[in-house]
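Note: the block below is upload_29.cif and it holds mmCIF, C-alpha atoms and all ligand atoms.
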data_final
loop_
_atom_site.label_atom_id
_atom_site.label_comp_id
_atom_site.auth_asym_id
_atom_site.auth_seq_id
_atom_site.Cartn_x
_atom_site.Cartn_y
_atom_site.Cartn_z
CA MET W 228 -4.84 17.84 -0.86
CA SER W 229 -5.83 19.23 2.49
CA ASN W 230 -4.67 17.80 5.74
CA GLN W 231 -7.66 19.27 7.55
CA ALA W 232 -9.02 15.76 7.80
CA THR W 233 -7.06 15.41 11.01
CA THR W 234 -9.29 17.86 12.86
CA SER W 235 -12.69 17.17 11.38
CA PRO W 236 -14.67 14.46 13.14
CA HIS W 237 -16.39 13.07 10.07
CA HIS W 238 -15.44 12.73 6.44
CA SER W 239 -17.51 11.86 3.42
CA ALA W 240 -16.27 10.26 0.26
CA THR W 241 -16.67 13.57 -1.58
CA GLN W 242 -14.57 15.44 1.00
CA SER W 243 -11.99 12.80 1.65
CA PRO W 244 -8.36 12.99 0.60
CA THR W 245 -9.07 9.97 -1.56
CA ALA W 246 -11.31 12.03 -3.82
CA ALA W 247 -8.40 14.14 -5.06
CA THR W 248 -6.12 11.14 -5.53
CA HIS W 249 -6.07 9.20 -8.75
CA TRP W 250 -5.88 5.60 -7.69
CA PRO W 251 -6.27 3.12 -10.56
CA HIS W 252 -6.14 -0.17 -8.68
CA ARG W 253 -9.42 -1.85 -7.80
CA HIS W 254 -7.54 -4.76 -6.25
CA LEU W 255 -4.55 -4.87 -3.91
CA LEU W 256 -2.77 -8.10 -4.74
CA GLU W 257 0.97 -7.47 -4.36
CA LEU W 258 3.32 -4.60 -3.56
CA ARG W 259 5.64 -5.72 -6.35
CA ALA W 260 3.19 -4.22 -8.85
CA LEU W 261 2.74 -0.85 -7.13
CA SER W 262 4.79 2.15 -8.24
CA PRO W 263 6.68 4.16 -5.60
CA GLU W 264 4.18 6.96 -6.23
CA HIS W 265 1.21 4.71 -5.46
CA LEU W 266 2.94 3.22 -2.43
CA ARG W 267 3.45 6.76 -1.12
CA THR W 268 -0.16 7.73 -1.90
CA LEU W 269 -1.48 4.80 0.11
CA LEU W 270 0.93 5.28 3.00
CA ALA W 271 0.20 9.01 3.18
CA LEU W 272 -3.52 8.29 3.33
CA ALA W 273 -2.79 5.82 6.12
CA GLY W 274 -1.06 8.72 7.89
CA THR W 275 -4.23 10.78 7.49
CA MET W 276 -6.35 7.89 8.77
CA ARG W 277 -4.10 7.49 11.79
CA ASP W 278 -4.36 11.20 12.54
CA ARG W 279 -8.13 10.96 12.29
CA ILE W 280 -8.17 8.01 14.70
CA GLY W 281 -6.01 10.00 17.10
CA ALA W 282 -8.37 12.99 16.91
CA ALA W 283 -11.52 10.92 17.40
CA PRO W 284 -13.24 10.41 20.76
CA ALA W 285 -12.30 7.29 22.70
CA ASN W 286 -15.76 5.73 22.40
CA LEU W 287 -15.53 5.15 18.68
CA SER W 288 -18.47 3.60 16.90
CA ALA W 289 -18.75 2.23 13.39
CA GLY W 290 -18.21 4.99 10.89
CA ALA W 291 -16.77 7.29 13.54
CA ILE W 292 -13.60 8.01 11.59
CA GLY W 293 -15.10 8.57 8.18
CA ASP W 294 -17.80 7.39 5.82
CA GLU W 295 -15.80 6.47 2.74
CA LEU W 296 -17.21 2.95 3.01
CA ARG W 297 -20.73 3.77 4.20
CA GLY W 298 -23.23 1.56 2.39
CA ARG W 299 -20.47 -0.84 1.35
CA VAL W 300 -20.13 -4.45 2.43
CA VAL W 301 -16.71 -5.99 3.07
CA GLY W 302 -16.42 -9.78 3.15
CA ASN W 303 -13.57 -11.39 5.06
CA LEU W 304 -12.79 -14.72 3.38
CA PHE W 305 -10.15 -16.41 5.49
CA PHE W 306 -9.24 -19.93 4.44
CA GLU W 307 -6.20 -19.94 6.74
CA ASP W 308 -6.02 -18.99 10.40
CA SER W 309 -5.54 -15.35 11.35
CA THR W 310 -5.78 -13.16 14.40
CA ARG W 311 -4.29 -9.78 13.46
CA THR W 312 -5.16 -9.42 9.78
CA ARG W 313 -8.78 -10.50 10.00
CA VAL W 314 -9.63 -8.39 13.03
CA SER W 315 -7.65 -5.43 11.69
CA PHE W 316 -9.55 -5.44 8.37
CA SER W 317 -12.85 -5.71 10.27
CA VAL W 318 -12.00 -2.80 12.55
CA ALA W 319 -10.74 -0.72 9.63
CA ALA W 320 -13.85 -1.35 7.51
CA LYS W 321 -16.19 -0.54 10.40
CA ARG W 322 -14.31 2.66 11.24
CA LEU W 323 -15.14 3.87 7.72
CA GLY W 324 -18.80 2.88 7.95
CA ALA W 325 -18.83 -0.48 6.10
CA GLU W 326 -20.71 -3.58 7.09
CA VAL W 327 -18.49 -6.62 7.53
CA ILE W 328 -19.26 -10.28 6.98
CA ASP W 329 -16.91 -13.09 7.99
CA LEU W 330 -16.47 -16.43 6.30
CA THR W 331 -13.99 -19.16 7.16
CA SER W 332 -13.50 -22.58 5.62
CA VAL W 333 -14.86 -24.19 8.77
CA GLY W 334 -18.64 -23.85 8.71
CA SER W 335 -18.85 -22.80 5.05
CA SER W 336 -19.41 -24.84 1.88
CA VAL W 337 -15.65 -24.87 1.28
CA SER W 338 -15.66 -27.88 3.60
CA LYS W 339 -17.94 -29.60 1.03
CA GLY W 340 -15.42 -29.07 -1.76
CA GLU W 341 -16.56 -25.73 -3.20
CA THR W 342 -13.72 -23.94 -5.00
CA VAL W 343 -12.46 -20.58 -3.80
CA ILE W 344 -13.59 -18.97 -7.08
CA ASP W 345 -17.12 -20.36 -6.76
CA THR W 346 -17.25 -19.23 -3.14
CA ALA W 347 -16.01 -15.73 -4.03
CA ALA W 348 -18.40 -15.42 -7.00
CA ASN W 349 -21.36 -16.41 -4.84
CA ILE W 350 -20.45 -13.92 -2.11
CA ALA W 351 -19.86 -11.16 -4.68
CA SER W 352 -23.26 -11.94 -6.27
CA MET W 353 -24.89 -10.91 -3.02
CA GLY W 354 -23.65 -7.35 -3.60
CA VAL W 355 -20.47 -7.50 -1.53
CA ASP W 356 -18.11 -4.70 -2.61
CA CYS W 357 -14.80 -6.01 -1.34
CA LEU W 358 -13.39 -9.43 -0.58
CA VAL W 359 -10.45 -9.68 1.82
CA LEU W 360 -8.93 -13.04 0.96
CA ARG W 361 -6.45 -15.21 2.80
CA HIS W 362 -5.58 -18.53 1.21
CA ARG W 363 -2.79 -21.07 1.46
CA SER W 364 -2.20 -21.09 -2.31
CA SER W 365 0.13 -18.53 -3.85
CA GLY W 366 -1.78 -16.66 -6.55
CA ALA W 367 -5.24 -17.28 -5.07
CA ALA W 368 -6.03 -13.56 -4.83
CA HIS W 369 -4.99 -12.97 -8.45
CA MET W 370 -7.15 -15.87 -9.58
CA VAL W 371 -10.21 -14.65 -7.71
CA SER W 372 -9.78 -11.04 -8.86
CA ARG W 373 -9.57 -12.12 -12.48
CA ALA W 374 -12.64 -14.32 -12.15
CA LEU W 375 -14.69 -11.54 -10.52
CA ASP W 376 -13.58 -8.99 -13.14
CA ALA W 377 -14.61 -11.41 -15.90
CA LEU W 378 -18.02 -11.96 -14.29
CA ALA W 379 -18.56 -8.21 -13.86
CA ALA W 380 -17.67 -7.65 -17.54
CA SER W 381 -19.80 -10.54 -18.80
CA SER W 382 -23.13 -9.83 -20.45
CA ASN W 383 -24.42 -13.29 -19.48
CA GLY W 384 -26.39 -13.87 -16.33
CA PRO W 385 -26.98 -11.36 -13.55
CA GLN W 386 -24.75 -8.30 -13.76
CA LEU W 387 -22.16 -8.45 -11.01
CA ARG W 388 -20.96 -5.08 -9.85
CA PRO W 389 -17.21 -4.58 -9.56
CA CYS W 390 -15.81 -6.19 -6.43
CA SER W 391 -12.37 -5.37 -5.04
CA VAL W 392 -10.08 -8.17 -3.89
CA LEU W 393 -7.55 -7.37 -1.19
CA ASN W 394 -4.92 -10.02 -0.65
CA ALA W 395 -4.65 -10.84 3.06
CA GLY W 396 -1.84 -13.34 2.46
CA ASP W 397 -1.61 -16.00 -0.24
CA GLY W 398 0.74 -18.91 0.33
CA ARG W 399 4.36 -17.82 0.00
CA HIS W 400 3.54 -15.04 -2.46
CA GLU W 401 2.66 -11.73 -0.76
CA HIS W 402 0.91 -10.15 2.20
CA PRO W 403 0.67 -6.58 0.91
CA THR W 404 -1.06 -4.87 3.82
CA GLN W 405 1.43 -6.45 6.26
CA GLY W 406 4.25 -5.11 4.09
CA LEU W 407 2.63 -1.68 4.07
CA LEU W 408 2.11 -1.56 7.82
CA ASP W 409 5.71 -2.65 8.37
CA ILE W 410 6.90 0.14 6.07
CA PHE W 411 4.61 2.65 7.76
CA THR W 412 6.00 1.69 11.18
CA ILE W 413 9.61 2.10 10.01
CA ALA W 414 8.89 5.41 8.28
CA ASP W 415 7.08 6.69 11.34
CA GLN W 416 9.92 5.69 13.67
CA PHE W 417 12.53 7.47 11.57
CA GLY W 418 10.55 10.63 10.81
CA ARG W 419 9.78 9.71 7.20
CA ALA W 420 5.98 9.42 7.56
CA ALA W 421 3.38 12.12 7.02
CA ALA W 422 -0.29 12.45 6.23
CA SER W 423 -1.78 13.19 2.80
CA GLY W 424 -1.17 16.77 1.70
CA SER W 425 1.95 17.24 3.79
CA ARG W 426 4.55 19.53 2.26
CA ARG W 427 7.29 17.20 3.42
CA SER W 428 8.65 14.55 1.13
CA THR W 429 7.18 11.42 2.67
CA PHE W 430 8.01 7.76 2.86
CA ASP W 431 11.46 8.16 1.36
CA LEU W 432 13.47 5.43 3.11
CA THR W 433 16.81 6.28 1.51
CA GLY W 434 19.68 5.71 3.94
CA LEU W 435 17.84 3.16 6.08
CA THR W 436 18.93 -0.47 6.24
CA VAL W 437 16.24 -3.02 7.07
CA GLY W 438 17.02 -6.62 7.95
CA ILE W 439 14.42 -9.31 7.37
CA LEU W 440 15.44 -12.27 9.48
CA GLY W 441 14.39 -15.90 9.42
CA ASP W 442 12.30 -18.10 7.20
CA ILE W 443 12.42 -15.87 4.13
CA GLY W 444 11.83 -18.64 1.61
CA SER W 445 8.41 -19.46 3.10
CA SER W 446 7.44 -15.88 3.78
CA ARG W 447 4.86 -13.77 1.98
CA VAL W 448 5.60 -11.00 4.50
CA ALA W 449 9.23 -10.97 3.35
CA ARG W 450 8.29 -10.76 -0.33
CA SER W 451 5.96 -7.80 0.26
CA GLY W 452 8.57 -6.18 2.50
CA ILE W 453 11.38 -6.56 -0.03
CA ALA W 454 9.21 -5.13 -2.83
CA GLY W 455 7.87 -2.15 -0.90
CA LEU W 456 10.96 -1.23 1.08
CA SER W 457 13.31 -1.37 -1.87
CA ALA W 458 10.88 0.62 -4.06
CA LEU W 459 10.97 3.38 -1.44
CA GLY W 460 14.75 3.48 -1.28
CA ALA W 461 15.66 1.28 1.70
CA ARG W 462 18.53 -1.17 1.65
CA VAL W 463 17.08 -4.60 2.45
CA ILE W 464 19.16 -7.51 3.76
CA CYS W 465 17.53 -10.93 4.08
CA ILE W 466 19.24 -12.89 6.83
CA GLY W 467 19.12 -16.54 7.83
CA PRO W 468 20.59 -19.96 7.13
CA PRO W 469 21.06 -20.94 3.48
CA SER W 470 18.25 -23.49 3.74
CA LEU W 471 15.76 -20.72 4.66
CA VAL W 472 17.32 -17.82 2.75
CA PRO W 473 18.44 -19.03 -0.66
CA GLY W 474 20.81 -16.80 -2.60
CA ALA W 475 18.20 -16.60 -5.36
CA MET W 476 16.28 -14.16 -3.15
CA ARG W 477 18.72 -11.53 -4.46
CA THR W 478 16.76 -11.49 -7.72
CA LEU W 479 13.96 -9.76 -5.77
CA GLY W 480 16.19 -6.75 -5.14
CA CYS W 481 17.58 -7.47 -1.68
CA GLU W 482 20.95 -8.51 -0.31
CA VAL W 483 21.38 -11.90 1.35
CA SER W 484 23.47 -12.65 4.44
CA HIS W 485 23.86 -15.89 6.37
CA ASP W 486 25.79 -14.14 9.14
CA LEU W 487 23.44 -12.27 11.49
CA ASP W 488 26.20 -11.18 13.88
CA ALA W 489 28.14 -9.56 11.05
CA VAL W 490 25.24 -7.42 9.79
CA LEU W 491 23.59 -6.59 13.15
CA PRO W 492 25.44 -3.27 13.62
CA GLU W 493 24.30 -2.06 10.17
CA LEU W 494 20.57 -2.45 10.78
CA ASP W 495 18.14 0.38 11.54
CA ALA W 496 15.28 -2.08 11.79
CA VAL W 497 15.09 -5.85 11.92
CA ASN W 498 11.85 -7.59 11.03
CA VAL W 499 11.98 -11.02 12.68
CA LEU W 500 9.94 -13.76 11.05
CA ARG W 501 8.51 -16.94 12.47
CA ILE W 502 9.84 -20.26 11.20
CA GLN W 503 6.84 -21.56 9.29
CA PHE W 504 7.20 -25.25 10.02
CA GLU W 505 3.74 -25.84 8.60
CA ARG W 506 5.02 -24.79 5.14
CA HIS W 507 8.04 -27.07 5.26
CA ASP W 508 7.95 -30.61 4.01
CA ALA W 509 9.11 -32.56 6.94
CA ALA W 510 8.15 -34.17 10.17
CA THR W 511 6.00 -32.69 12.86
CA ALA W 512 7.42 -34.23 15.98
CA GLY W 513 9.09 -32.38 18.82
CA ALA W 514 8.86 -31.77 22.54
CA THR W 515 7.39 -28.57 23.88
CA GLU W 516 9.35 -26.18 26.06
CA PRO W 517 7.51 -25.03 29.19
CA GLY W 518 6.53 -21.37 29.12
CA HIS W 519 6.79 -20.96 25.37
CA ASN W 520 4.09 -21.13 22.75
CA GLN W 521 5.94 -23.53 20.52
CA PRO W 522 4.81 -24.07 16.94
CA ALA W 523 2.43 -26.90 16.19
CA ALA W 524 5.04 -28.60 14.04
CA LYS W 525 8.55 -27.89 15.21
CA SER W 526 10.97 -29.92 13.22
CA SER W 527 11.79 -29.71 9.57
CA ALA W 528 14.38 -30.64 7.02
CA ALA W 529 15.16 -26.94 6.57
CA ILE W 530 16.87 -26.50 9.96
CA ALA W 531 18.92 -29.01 11.90
CA SER W 532 17.40 -28.08 15.26
CA ILE W 533 15.70 -25.20 16.99
CA ARG W 534 18.64 -25.02 19.41
CA GLU W 535 21.08 -24.55 16.54
CA TYR W 536 18.83 -22.02 14.82
CA THR W 537 18.51 -20.06 18.05
CA GLU W 538 22.26 -20.05 18.58
CA PHE W 539 22.95 -18.40 15.23
CA TYR W 540 19.77 -16.51 14.32
CA SER W 541 17.60 -15.72 17.35
CA ILE W 542 17.43 -12.09 18.49
CA THR W 543 18.60 -12.58 22.05
CA ALA W 544 19.08 -9.78 24.58
CA ASP W 545 22.80 -9.86 23.79
CA ARG W 546 22.22 -9.44 20.06
CA ALA W 547 19.61 -6.70 20.64
CA ALA W 548 22.24 -4.80 22.63
CA ARG W 549 24.60 -4.88 19.63
CA LEU W 550 22.14 -3.09 17.34
CA LYS W 551 22.45 0.65 16.70
CA PRO W 552 21.11 2.62 19.66
CA GLU W 553 18.01 3.77 17.74
CA ALA W 554 17.35 0.48 15.92
CA ILE W 555 13.91 -1.11 16.23
CA ILE W 556 12.83 -4.74 16.42
CA MET W 557 9.71 -5.80 14.54
CA HIS W 558 7.69 -8.98 14.13
CA PRO W 559 4.54 -9.51 12.04
CA GLY W 560 3.22 -12.10 14.50
CA PRO W 561 2.40 -14.65 15.62
CA ILE W 562 5.56 -14.85 17.73
CA ASN W 563 7.23 -18.05 18.85
CA ARG W 564 8.81 -16.68 22.01
CA GLY W 565 12.21 -18.16 22.70
CA VAL W 566 12.70 -19.30 19.11
CA GLU W 567 13.15 -16.41 16.68
CA LEU W 568 13.44 -13.85 19.43
CA ALA W 569 13.76 -13.84 23.22
CA SER W 570 10.71 -13.01 25.25
CA SER W 571 12.55 -10.13 26.93
CA VAL W 572 13.33 -8.67 23.49
CA ALA W 573 9.75 -9.03 22.27
CA ASP W 574 8.64 -7.01 25.29
CA GLY W 575 11.73 -4.76 25.44
CA HIS W 576 12.24 -1.08 24.68
CA ARG W 577 13.28 -1.64 21.05
CA SER W 578 10.20 -3.66 20.22
CA VAL W 579 7.56 -1.96 18.06
CA ILE W 580 5.51 -5.12 17.57
CA LEU W 581 2.24 -3.76 18.95
CA ARG W 582 2.83 -0.44 17.20
CA GLN W 583 2.90 -2.40 13.93
CA VAL W 584 -0.50 -3.86 14.78
CA ASN W 585 -1.81 -0.40 15.64
CA CYS W 586 -0.59 1.06 12.32
CA GLY W 587 -2.23 -1.84 10.50
CA VAL W 588 -5.74 -0.48 11.06
CA ALA W 589 -4.88 2.87 9.44
CA VAL W 590 -3.11 1.14 6.55
CA ARG W 591 -6.11 -1.11 5.88
CA MET W 592 -8.52 1.83 6.10
CA ALA W 593 -6.43 3.57 3.45
CA ALA W 594 -6.20 0.46 1.26
CA MET W 595 -9.95 -0.13 1.27
CA ALA W 596 -10.82 3.57 0.83
CA LEU W 597 -8.59 3.74 -2.25
CA CYS W 598 -9.44 0.42 -3.87
CA LEU W 599 -13.19 0.83 -3.37
CA THR W 600 -13.14 4.26 -5.00
CA ALA W 601 -10.66 3.33 -7.72
CA THR W 602 -11.00 4.78 -11.17
CA PRO W 603 -9.31 1.96 -13.03
CA ALA W 604 -7.20 2.84 -15.98
CA VAL W 605 -5.74 -0.53 -15.05
CA ALA W 606 -8.38 -2.82 -13.58
CA ALA W 607 -6.04 -4.95 -11.56
CA ILE W 608 -2.46 -5.06 -10.31
N1 LIG H 701 0.74 -10.91 10.63
C1 LIG H 701 -0.29 -11.73 10.35
O1 LIG H 701 -0.64 -11.96 9.19
O2 LIG H 701 -0.90 -12.25 11.46
P1 LIG H 701 -2.21 -13.17 11.40
O3 LIG H 701 -1.81 -14.48 10.79
O4 LIG H 701 -2.63 -13.31 12.84
O5 LIG H 701 -3.23 -12.46 10.57
#
Would you write out, as structure tokens, the structure that this file holds?
Amino acid sequence: MSNQATTSPHHSATQSPTAATHWPHRHLLELRALSPEHLRTLLALAGTMRDRIGAAPANLSAGAIGDELRGRVVGNLFFEDSTRTRVSFSVAAKRLGAEVIDLTSVGSSVSKGETVIDTAANIASMGVDCLVLRHRSSGAAHMVSRALDALAASSNGPQLRPCSVLNAGDGRHEHPTQGLLDIFTIADQFGRAAASGSRRSTFDLTGLTVGILGDIGSSRVARSGIAGLSALGARVICIGPPSLVPGAMRTLGCEVSHDLDAVLPELDAVNVLRIQFERHDAATAGATEPGHNQPAAKSSAAIASIREYTEFYSITADRAARLKPEAIIMHPGPINRGVELASSVADGHRSVILRQVNCGVAVRMAAMALCLTATPAVAAI
């Protein structure tokens, strides 16, 4: 594959690096199901996309980076709140020439009781090529992808053309593009990233230790991170109190530690997660702390108190100083400043939080370019 894409201003589907890549997955549902080879293919294409963005003029317009998705329609179906993922998918789709439609539960017929499958089938029947789905239920993206594949294969009724489903976060299951952009950011920081066609061995994370810190049990980001990072050779340590990081997480292929201070010096990167009070069972009371964007619900049976959590598990300036000199601090967002990490750390020199967001556009461009031109030997993953 050529890496000339980095210097050419415009790229068609026939010329793109995707054309030479066999990619069998129409849907992107979970990293757990992707082989290391396919993870590397997608990440390398993200490297190419990022190079193209860097080479493009500042006044980018839709389709300015490539036309892999020209004539395609991407539907954002977000049944849970989102800032980064929804906008990032929209920007990515438009950069490759797609039209984008947005649907949320507020203002749609979901509020009248329509099921997510009926909603998705109706949208797909309008000729939409790709649904980006966020839903509070684990497995929602799988369910929708199977339903759309069955409709496309059915001889009854109007023929539905194949529609890709990209999981934008489903309950506690996975958030694959977040996992990919986190991996891309780490690989890039440590010189393990490259664009498609590079002669270098790319996205081999052997020798790197990545900590995932916080509310692992509730986290789809953690599950995608564990799957992708470990497949690419990284050592992954999930860190937090036993109530948020059960020992059973080890079955996913990571280590578990309840002692942040003990493992801090071993980490090359630490991905700090928000405590997802809204996914816990318990009460919602709690006073706000001036100057901090505290979570809507800030007490739970899973932690005794925010003060105690902060004492043992927050990345404070002192803890950041005890990391390796080159270690990076990550966060998928949204941040609760002063809870899982100090404001000065979020804005400090180790923080790559906004770089993660920046990489996310290239990752999502790559994901859509591959899935929408898939040649399925396997229809779904
Ligand atoms: N990281 C992430 O999923 O952020 P949003 O909820 O804002 O999309």
Subject >> Top pick for closest residue to Val499 (chain W), considering W:Ile530, W:Ile464, W:Ala458, W:Met353 and counting all atoms listed in the file >> reply: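 Closest to Val499 (chain W) of all the choices is W:Ile464.
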Original post:
What does the distance from CA of Leu272 (chain W) to CA of Leu255 (chain W) come to in Å, to one decimal?
Top reply: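 CA of Leu255 (chain W) lies 15.1 Å from CA of Leu272 (chain W).
Near ligand LIG 701 (chain H), the residues found within 9 Å are Glu307, Asp308, Ser309, Thr310, Arg311, Thr312, Arg313, Val314, Ser315, Arg361, Ala395, Gly396, His402, Thr404, Gln405, Val448, His558, Pro559, Gly560, Pro561 and Val584 of chain W (criterion computed using all atoms listed in the file).
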Those residues you just picked out, can you put them in a file as a short mmCIF file (atom, residue, chain, number, x, y, z; two decimals), in the coordinates of the input with C-alpha atoms?
data_model
loop_
_atom_site.label_atom_id
_atom_site.label_comp_id
_atom_site.auth_asym_id
_atom_site.auth_seq_id
_atom_site.Cartn_x
_atom_site.Cartn_y
_atom_site.Cartn_z
CA GLU W 307 -6.20 -19.94 6.74
CA ASP W 308 -6.02 -18.99 10.40
CA SER W 309 -5.54 -15.35 11.35
CA THR W 310 -5.78 -13.16 14.40
CA ARG W 311 -4.29 -9.78 13.46
CA THR W 312 -5.16 -9.42 9.78
CA ARG W 313 -8.78 -10.50 10.00
CA VAL W 314 -9.63 -8.39 13.03
CA SER W 315 -7.65 -5.43 11.69
CA ARG W 361 -6.45 -15.21 2.80
CA ALA W 395 -4.65 -10.84 3.06
CA GLY W 396 -1.84 -13.34 2.46
CA HIS W 402 0.91 -10.15 2.20
CA THR W 404 -1.06 -4.87 3.82
CA GLN W 405 1.43 -6.45 6.26
CA VAL W 448 5.60 -11.00 4.50
CA HIS W 558 7.69 -8.98 14.13
CA PRO W 559 4.54 -9.51 12.04
CA GLY W 560 3.22 -12.10 14.50
CA PRO W 561 2.40 -14.65 15.62
CA VAL W 584 -0.50 -3.86 14.78
#
List every residue of region 275-307 of chain W that has an atom at most 6 Å from any atom of region 326-345 of chain W, and for each one report the closest atom pair and its distance in Å to one decimal, counting all atoms listed in the file, with rows sorted by chain and then by increasing residue number, as JSON lines.
{"residue": "W:Val300", "atom": "CA", "partner": "W:Glu326", "partner_atom": "CA", "distance": 4.8}
{"residue": "W:Val301", "atom": "CA", "partner": "W:Val327", "partner_atom": "CA", "distance": 4.8}
{"residue": "W:Gly302", "atom": "CA", "partner": "W:Ile328", "partner_atom": "CA", "distance": 4.8}
{"residue": "W:Asn303", "atom": "CA", "partner": "W:Asp329", "partner_atom": "CA", "distance": 4.8}
{"residue": "W:Leu304", "atom": "CA", "partner": "W:Leu330", "partner_atom": "CA", "distance": 5.0}
{"residue": "W:Phe305", "atom": "CA", "partner": "W:Thr331", "partner_atom": "CA", "distance": 5.0}
{"residue": "W:Phe306", "atom": "CA", "partner": "W:Ser332", "partner_atom": "CA", "distance": 5.2}
**OP:** Considering only C-alpha atoms, return as a PyMOL selection string whatever protein or nucleic-acid residues lie within 10 Å of Phe539 (chain W), sequence-local ones (same chain, fewer than 5 positions apart) excluded.
**Re:** chain W and resi 467-468+485-488+534
Original post:
Nearest to Ala271 (chain W): which of W:Leu471, W:Val318, W:Ile556, W:Ile410 is it, counting all atoms listed in the file?
Top reply: W:Ile410
**OP:** Tell me which protein, DNA and RNA residues are within 8 Å of Ala593 (chain W), counting all atoms listed in the file, leaving out same-chain ones fewer than 5 positions away, and put them as a ChimeraX atom specification.
**Re:** /W:269-270,272-273,276
